[in-house]
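Undergrad: As input, take query03.txt (compact mmCIF, C-alpha atoms):
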# COMPACT_ATOMS: atom_id res chain seq x y z
CA MET A 1 8.76 6.69 -11.23
CA VAL A 2 7.47 3.76 -13.23
CA THR A 3 8.90 2.36 -16.40
CA LEU A 4 6.59 0.63 -18.81
CA TYR A 5 7.75 -1.76 -21.39
CA GLU A 6 6.18 -3.15 -24.51
CA GLY A 7 7.51 -6.37 -25.95
CA VAL A 8 9.98 -6.54 -28.80
CA LEU A 9 8.93 -9.81 -30.35
CA ASN A 10 5.35 -9.72 -29.19
CA PRO A 11 2.85 -6.90 -28.74
CA THR A 12 2.86 -7.69 -25.08
CA PRO A 13 5.91 -8.80 -23.12
CA ASP A 14 5.94 -11.87 -20.97
CA GLY A 15 7.23 -11.90 -17.42
CA GLN A 16 10.70 -13.04 -18.41
CA GLU A 17 11.07 -10.21 -20.91
CA ILE A 18 10.11 -7.73 -18.22
CA GLU A 19 12.62 -9.20 -15.80
CA ASN A 20 15.34 -9.18 -18.46
CA TYR A 21 14.61 -5.59 -19.35
CA ALA A 22 14.72 -4.50 -15.70
CA GLU A 23 18.16 -6.09 -15.41
CA TYR A 24 19.27 -4.52 -18.67
CA ILE A 25 18.48 -0.98 -17.54
CA SER A 26 19.57 -1.70 -13.94
CA SER A 27 16.21 -0.47 -12.74
CA GLY A 28 17.08 -0.89 -9.08
CA ASP A 29 14.07 0.11 -7.02
CA MET A 30 12.17 1.43 -10.00
CA PRO A 31 9.18 -0.64 -11.06
CA VAL A 32 9.31 -1.99 -14.57
CA LEU A 33 5.78 -2.79 -15.56
CA GLY A 34 4.64 -4.74 -18.56
CA ASP A 35 1.49 -3.35 -20.12
CA LEU A 36 0.04 -6.69 -21.05
CA THR A 37 -3.19 -5.25 -22.36
CA GLY A 38 -1.51 -2.37 -24.16
CA ARG A 39 -4.24 -0.12 -22.85
CA LEU A 40 -2.02 2.45 -21.22
CA ILE A 41 0.23 2.56 -24.25
CA GLU A 42 -2.87 3.08 -26.35
CA ALA A 43 -4.31 5.72 -24.06
CA SER A 44 -1.07 7.65 -24.06
CA GLY A 45 -1.18 8.15 -27.78
CA TRP A 46 2.43 7.10 -28.06
CA ASP A 47 3.02 5.40 -31.37
CA GLY A 48 6.43 3.97 -30.60
CA SER A 49 8.06 5.78 -33.51
CA SER A 50 10.45 7.45 -31.13
CA MET A 51 11.47 6.29 -27.71
CA PRO A 52 10.65 6.78 -25.02
CA GLY A 53 7.15 8.03 -24.58
CA GLN A 54 6.35 9.67 -21.29
CA CYS A 55 3.19 10.11 -19.28
CA VAL A 56 2.83 12.05 -16.06
CA VAL A 57 0.37 10.70 -13.52
CA ALA A 58 -0.83 12.60 -10.46
CA PRO A 59 -1.25 11.12 -6.98
CA ASP A 60 -4.99 10.85 -7.66
CA MET A 61 -4.21 8.88 -10.82
CA THR A 62 -5.13 11.71 -13.14
CA MET A 63 -3.23 11.50 -16.42
CA LEU A 64 -1.65 14.94 -16.56
CA ASP A 65 0.31 14.77 -19.78
CA CYS A 66 1.62 12.33 -22.35
CA TYR A 67 4.11 12.98 -25.10
CA THR A 68 6.84 11.44 -27.18
CA GLY A 69 10.42 11.84 -26.12
CA GLU A 70 12.24 12.22 -22.84
CA ASP A 71 11.36 15.70 -21.68
CA ASP A 72 11.93 15.99 -17.95
CA ALA A 73 11.25 19.73 -18.00
CA ARG A 74 7.81 19.13 -19.46
CA ALA A 75 7.11 16.46 -16.86
CA ALA A 76 8.23 18.78 -14.08
CA ALA A 77 6.01 21.56 -15.45
CA ALA A 78 2.99 19.26 -15.47
CA ILE A 79 3.65 18.21 -11.90
CA GLU A 80 4.20 21.79 -10.76
CA ALA A 81 1.00 22.99 -12.39
CA HIS A 82 -1.04 20.20 -10.85
CA TYR A 83 0.53 20.67 -7.46
CA GLN A 84 -0.21 24.39 -7.47
CA SER A 85 -3.81 23.88 -8.60
CA ALA A 86 -4.39 21.27 -5.91
CA ARG A 87 -3.20 23.52 -3.08
CA MET B 1 -16.48 0.11 45.55
CA ARG B 2 -16.24 1.43 42.01
CA LEU B 3 -17.02 4.91 43.20
CA LEU B 4 -14.36 4.67 45.83
CA ARG B 5 -11.87 3.47 43.28
CA ALA B 6 -12.71 6.35 40.97
CA VAL B 7 -12.29 8.90 43.72
CA THR B 8 -9.01 7.40 44.76
CA CYS B 9 -7.75 7.35 41.21
CA GLY B 10 -8.79 10.92 40.67
CA ALA B 11 -6.75 11.92 43.65
CA LEU B 12 -3.75 10.02 42.42
CA LEU B 13 -3.91 11.57 38.95
CA SER B 14 -2.33 8.49 37.55
CA LEU B 15 -3.86 6.70 34.62
CA ALA B 16 -1.99 3.55 35.40
CA ALA B 17 -3.18 3.58 38.96
CA CYS B 18 -6.72 4.27 37.81
CA ALA B 19 -6.81 1.25 35.57
CA GLU B 20 -9.51 -1.24 36.21
CA PRO B 21 -7.79 -4.60 36.40
CA ASP B 22 -9.25 -7.16 34.02
CA LYS B 23 -8.79 -10.85 33.97
CA LEU B 24 -6.51 -12.60 31.56
CA ASP B 25 -9.15 -14.93 30.21
CA ASP B 26 -11.79 -12.27 29.89
CA THR B 27 -13.95 -13.16 26.93
CA ASP B 28 -16.44 -10.35 27.31
CA LEU B 29 -14.50 -7.41 25.96
CA THR B 30 -17.22 -4.85 26.34
CA ASP B 31 -18.82 -5.54 29.68
CA ALA B 32 -17.47 -3.16 32.26
CA ASP B 33 -19.16 -5.11 35.00
CA VAL B 34 -17.05 -8.19 34.52
CA THR B 35 -15.01 -8.69 37.61
CA ASP B 36 -11.37 -9.03 36.96
CA THR B 37 -8.91 -11.05 38.87
CA ASP B 38 -5.50 -10.02 37.71
CA THR B 39 -3.65 -6.83 38.46
CA ASP B 40 -2.81 -5.50 35.06
CA THR B 41 -2.81 -1.80 34.42
CA ASP B 42 -4.82 -1.26 31.29
CA THR B 43 -5.50 2.42 31.29
CA ALA B 44 -8.81 2.03 29.51
CA GLY B 45 -10.22 -0.10 32.27
CA ALA B 46 -12.18 -3.30 32.12
CA ASP B 47 -13.46 -2.70 28.60
CA THR B 48 -10.13 -3.34 26.98
CA VAL B 49 -8.47 -6.58 26.06
CA ASP B 50 -5.56 -7.74 28.14
CA CYS B 51 -2.36 -7.18 26.32
CA ASP B 52 1.28 -6.59 26.94
CA ALA B 53 2.98 -3.95 24.87
CA ALA B 54 6.28 -5.67 25.47
CA SER B 55 5.03 -9.01 24.22
CA ASP B 56 4.84 -10.32 20.67
CA GLY B 57 3.13 -13.63 21.23
CA ASP B 58 3.12 -14.75 17.62
CA GLY B 59 6.50 -13.33 16.65
CA ASP B 60 5.19 -11.32 13.71
CA GLY B 61 6.98 -8.15 14.69
CA LEU B 62 3.92 -6.43 16.13
CA ASP B 63 3.34 -6.18 19.87
CA ASP B 64 0.17 -7.71 21.24
CA CYS B 65 -1.42 -4.39 22.17
CA THR B 66 -0.97 -2.97 18.70
CA GLU B 67 -2.59 -6.07 17.23
CA LEU B 68 -5.50 -6.10 19.64
CA GLU B 69 -6.26 -2.44 20.01
CA GLU B 70 -5.18 -0.86 16.73
CA LEU B 71 -5.14 -3.41 13.95
CA GLY B 72 -7.66 -6.00 15.03
CA THR B 73 -5.31 -8.79 14.06
CA ASP B 74 -4.81 -11.97 16.05
CA PRO B 75 -1.91 -11.58 18.50
CA GLU B 76 -1.49 -15.34 18.61
CA LEU B 77 -1.42 -15.83 14.85
CA ALA B 78 1.47 -14.41 12.85
CA ASP B 79 -0.51 -14.36 9.60
CA SER B 80 -4.02 -13.31 10.59
CA ASP B 81 -5.50 -13.37 7.10
CA GLY B 82 -3.64 -16.46 5.94
CA ASP B 83 -2.24 -14.92 2.79
CA GLY B 84 1.32 -16.04 3.42
CA ASP B 85 2.69 -12.77 4.78
CA ASP B 86 3.07 -12.15 8.50
CA ASP B 87 1.05 -9.27 9.91
CA GLY B 88 4.16 -7.23 10.67
CA ALA B 89 5.44 -7.62 7.13
CA GLU B 90 2.09 -6.52 5.75
CA VAL B 91 2.08 -3.41 7.90
CA ASP B 92 5.58 -2.60 6.67
CA CYS B 93 4.60 -2.94 3.03
CA ALA B 94 1.30 -1.09 3.51
CA SER B 95 -0.79 -4.17 2.83
CA ASP B 96 -3.95 -4.97 4.80
CA PRO B 97 -3.14 -7.77 7.29
CA LEU B 98 -6.84 -8.63 7.47
CA ASN B 99 -7.38 -8.95 3.73
CA SER B 100 -6.27 -12.28 2.31
CA ASP B 101 -6.57 -10.88 -1.22
CA GLU B 102 -3.86 -8.35 -0.49
CA ALA B 103 -0.29 -9.35 0.25
CA CYS B 104 3.12 -7.73 -0.01
CA TYR B 105 4.50 -7.33 -3.48
CA LEU B 106 7.48 -9.58 -4.10
CA CYS B 107 9.43 -6.61 -5.43
CA GLY B 108 8.60 -4.62 -2.29
CA TRP B 109 6.44 -1.90 -3.82
CA VAL B 110 4.68 0.03 -1.12
CA ARG B 111 0.97 0.25 -1.73
CA GLY B 112 -0.55 3.68 -1.89
CA ASP B 113 -4.09 4.30 -0.76
CA PRO B 114 -6.33 4.93 -3.76
CA GLY B 115 -9.23 5.75 -1.47
CA THR B 116 -12.46 6.02 -3.43
CA LEU B 117 -11.03 6.68 -6.85
CA VAL B 118 -13.36 6.29 -9.81
CA SER B 119 -12.01 6.20 -13.33
CA ASP B 120 -13.57 8.57 -15.81
CA GLY B 121 -11.61 7.73 -18.92
CA ASP B 122 -8.20 7.20 -20.44
CA ASP B 123 -7.54 10.63 -21.86
CA ILE B 124 -5.40 13.48 -20.60
CA GLY B 125 -7.13 14.95 -17.56
CA ASP B 126 -8.99 11.75 -16.76
CA THR B 127 -8.56 9.51 -13.77
CA ILE B 128 -7.06 6.56 -15.53
CA GLU B 129 -8.53 3.17 -14.83
CA ASN B 130 -6.91 0.73 -12.48
CA LEU B 131 -4.92 -1.17 -15.06
CA THR B 132 -3.07 -4.35 -14.21
CA PHE B 133 0.57 -4.78 -15.15
CA VAL B 134 3.24 -7.38 -14.58
CA ASP B 135 6.42 -6.24 -12.85
CA GLN B 136 9.99 -7.54 -12.98
CA CYS B 137 9.21 -10.00 -10.21
CA GLN B 138 6.69 -11.44 -12.64
CA GLU B 139 3.83 -10.52 -10.37
CA GLU B 140 0.62 -8.70 -11.25
CA VAL B 141 0.60 -5.11 -10.06
CA ALA B 142 -2.36 -2.73 -9.91
CA LEU B 143 -1.70 0.79 -11.16
CA TRP B 144 -3.73 2.39 -8.39
CA ASP B 145 -1.40 0.87 -5.81
CA PHE B 146 0.96 3.63 -6.87
CA ALA B 147 -1.54 6.32 -5.90
CA GLY B 148 -0.40 9.02 -3.56
CA GLU B 149 2.68 10.15 -5.45
CA TYR B 150 3.48 11.70 -8.80
CA HIS B 151 4.84 9.28 -11.36
CA VAL B 152 6.50 9.72 -14.70
CA LEU B 153 5.88 6.70 -16.86
CA PHE B 154 8.58 5.91 -19.37
CA MET B 155 7.27 3.86 -22.23
CA THR B 156 9.59 1.89 -24.40
CA ALA B 157 9.37 -1.04 -26.74
CA ALA B 158 12.86 -2.27 -27.34
CA TRP B 159 16.47 -2.07 -26.30
Would you mind writing the file's structure down as structure tokens?
TA:
Amino acid sequence: MVTLYEGVLNPTPDGQEIENYAEYISSGDMPVLGDLTGRLIEASGWDGSSMPGQCVVAPDMTMLDCYTGEDDARAAAAIEAHYQSAR
Amino acid sequence: MRLLRAVTCGALLSLAACAEPDKLDDTDLTDADVTDTDTDTDTAGADTVDCDAASDGDGDGLDDCTELEELGTDPELADSDGDGDDDGAEVDCASDPLNSDEACYLCGWVRGDPGTLVSDGDDIGDTIENLTFVDQCQEEVALWDFAGEYHVLFMTAAW
């Protein structure tokens, strides 16, 4: 699971902001990745009006689904569907 | 003499006993005709490099035989590609110990194998391009290094 973060004060976060955010959410072993180019945020279609946005990515780096909100059931459904189709 | 040795070894049915001894300073690794002078027991015969599976000459955590026969790394050099990470550490973090452009991530992320991925767009259903991010160790991370597993990306902008 990867957490992406977009800066508060700037469109793109700097390294210190990313580190601070990882500490804030106690990310542990979970990567907190700053999207410095904003390209993934842009590709996801997430407008930031509601947090978080979620995207599901397959092992072959196919973008399976993106949506606004924290919907683990939807993420699980996307993974299940891809897994079954890949078998 | 070689024929006799082969017959004898066949009778013994022991790979170790059948090994062609090769000399410690053998520099011709492919010539089976090189006469060897030591008494090691390489099971592959004279064509293999001398190594000792119990020895780790450079102290990188990998035994000499693994370095010589499997990885191709230098058993006398802890960091074969000179990227700052010992060969053993690179194997542990799934980095290529022979590629100086690839080292272990500071945060310890294990690299997946993207294979021959080709991006075909940034929309749903596309293979997303290999974007570069910065992680909480303030190091650049390539998205495709997370290939091989499903990921749910949480996107947020503030806290």
Undergrad: Record the distance separating atom CA of Ala78 of chain A and atom CA of Cys93 of chain B, expressed in Å with one decimal.
TA: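 About the pair atom CA of Ala78 of chain A and atom CA of Cys93 of chain B: they are 28.9 Å apart.
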Undergrad: For a quick check of understanding, using all atoms listed in the file, which of A:Met30, A:Ala81, A:Ile25, A:Leu64 has the smallest distance to Ser44 of chain A?
TA: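 Looking only at the distances to Ser44 of chain A, the closest residue turns out to be A:Leu64.
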Undergrad: Return as a PDB file with C-alpha atoms, in the frame of the given file the residues belonging to chain B that are within 7 Å of chain A, counting all atoms listed in the file.
TA:
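Wrote result.pdb, looks like this:
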ATOM      1  CA  ASP B 122      -8.200   7.200 -20.440  1.00  0.00           C
ATOM      2  CA  ASP B 123      -7.540  10.630 -21.860  1.00  0.00           C
ATOM      3  CA  ILE B 124      -5.400  13.480 -20.600  1.00  0.00           C
ATOM      4  CA  GLY B 125      -7.130  14.950 -17.560  1.00  0.00           C
ATOM      5  CA  ASP B 126      -8.990  11.750 -16.760  1.00  0.00           C
ATOM      6  CA  THR B 127      -8.560   9.510 -13.770  1.00  0.00           C
ATOM      7  CA  ILE B 128      -7.060   6.560 -15.530  1.00  0.00           C
ATOM      8  CA  PHE B 133       0.570  -4.780 -15.150  1.00  0.00           C
ATOM      9  CA  VAL B 134       3.240  -7.380 -14.580  1.00  0.00           C
ATOM     10  CA  ASP B 135       6.420  -6.240 -12.850  1.00  0.00           C
ATOM     11  CA  GLN B 136       9.990  -7.540 -12.980  1.00  0.00           C
ATOM     12  CA  CYS B 137       9.210 -10.000 -10.210  1.00  0.00           C
ATOM     13  CA  GLN B 138       6.690 -11.440 -12.640  1.00  0.00           C
ATOM     14  CA  TRP B 144      -3.730   2.390  -8.390  1.00  0.00           C
ATOM     15  CA  ALA B 147      -1.540   6.320  -5.900  1.00  0.00           C
ATOM     16  CA  GLY B 148      -0.400   9.020  -3.560  1.00  0.00           C
ATOM     17  CA  GLU B 149       2.680  10.150  -5.450  1.00  0.00           C
ATOM     18  CA  TYR B 150       3.480  11.700  -8.800  1.00  0.00           C
ATOM     19  CA  HIS B 151       4.840   9.280 -11.360  1.00  0.00           C
ATOM     20  CA  VAL B 152       6.500   9.720 -14.700  1.00  0.00           C
ATOM     21  CA  LEU B 153       5.880   6.700 -16.860  1.00  0.00           C
ATOM     22  CA  PHE B 154       8.580   5.910 -19.370  1.00  0.00           C
ATOM     23  CA  MET B 155       7.270   3.860 -22.230  1.00  0.00           C
ATOM     24  CA  THR B 156       9.590   1.890 -24.400  1.00  0.00           C
ATOM     25  CA  ALA B 157       9.370  -1.040 -26.740  1.00  0.00           C
ATOM     26  CA  ALA B 158      12.860  -2.270 -27.340  1.00  0.00           C
TER      27      ALA B 158
END
Undergrad: What gap, in Å, lies between atom CA of Glu69 of chain B and atom CA of Cys51 of chain B?
TA: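 Rounded to one decimal, the two atoms are 8.8 Å apart.
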Undergrad: In Å, rounded to a single decimal, give me how far atom CA of Gly82 of chain B is from atom CA of Ser100 of chain B.
TA: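 Straight-line distance from atom CA of Ser100 of chain B to atom CA of Gly82 of chain B works out to 6.1 Å.
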Undergrad: Looking at B:Leu68, B:Val118, B:Val91, B:Val110, which one is nearest to Ser55 of chain B, with distances taken over all atoms listed in the file?
TA: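 The answer is B:Leu68, which sits nearest to Ser55 of chain B.
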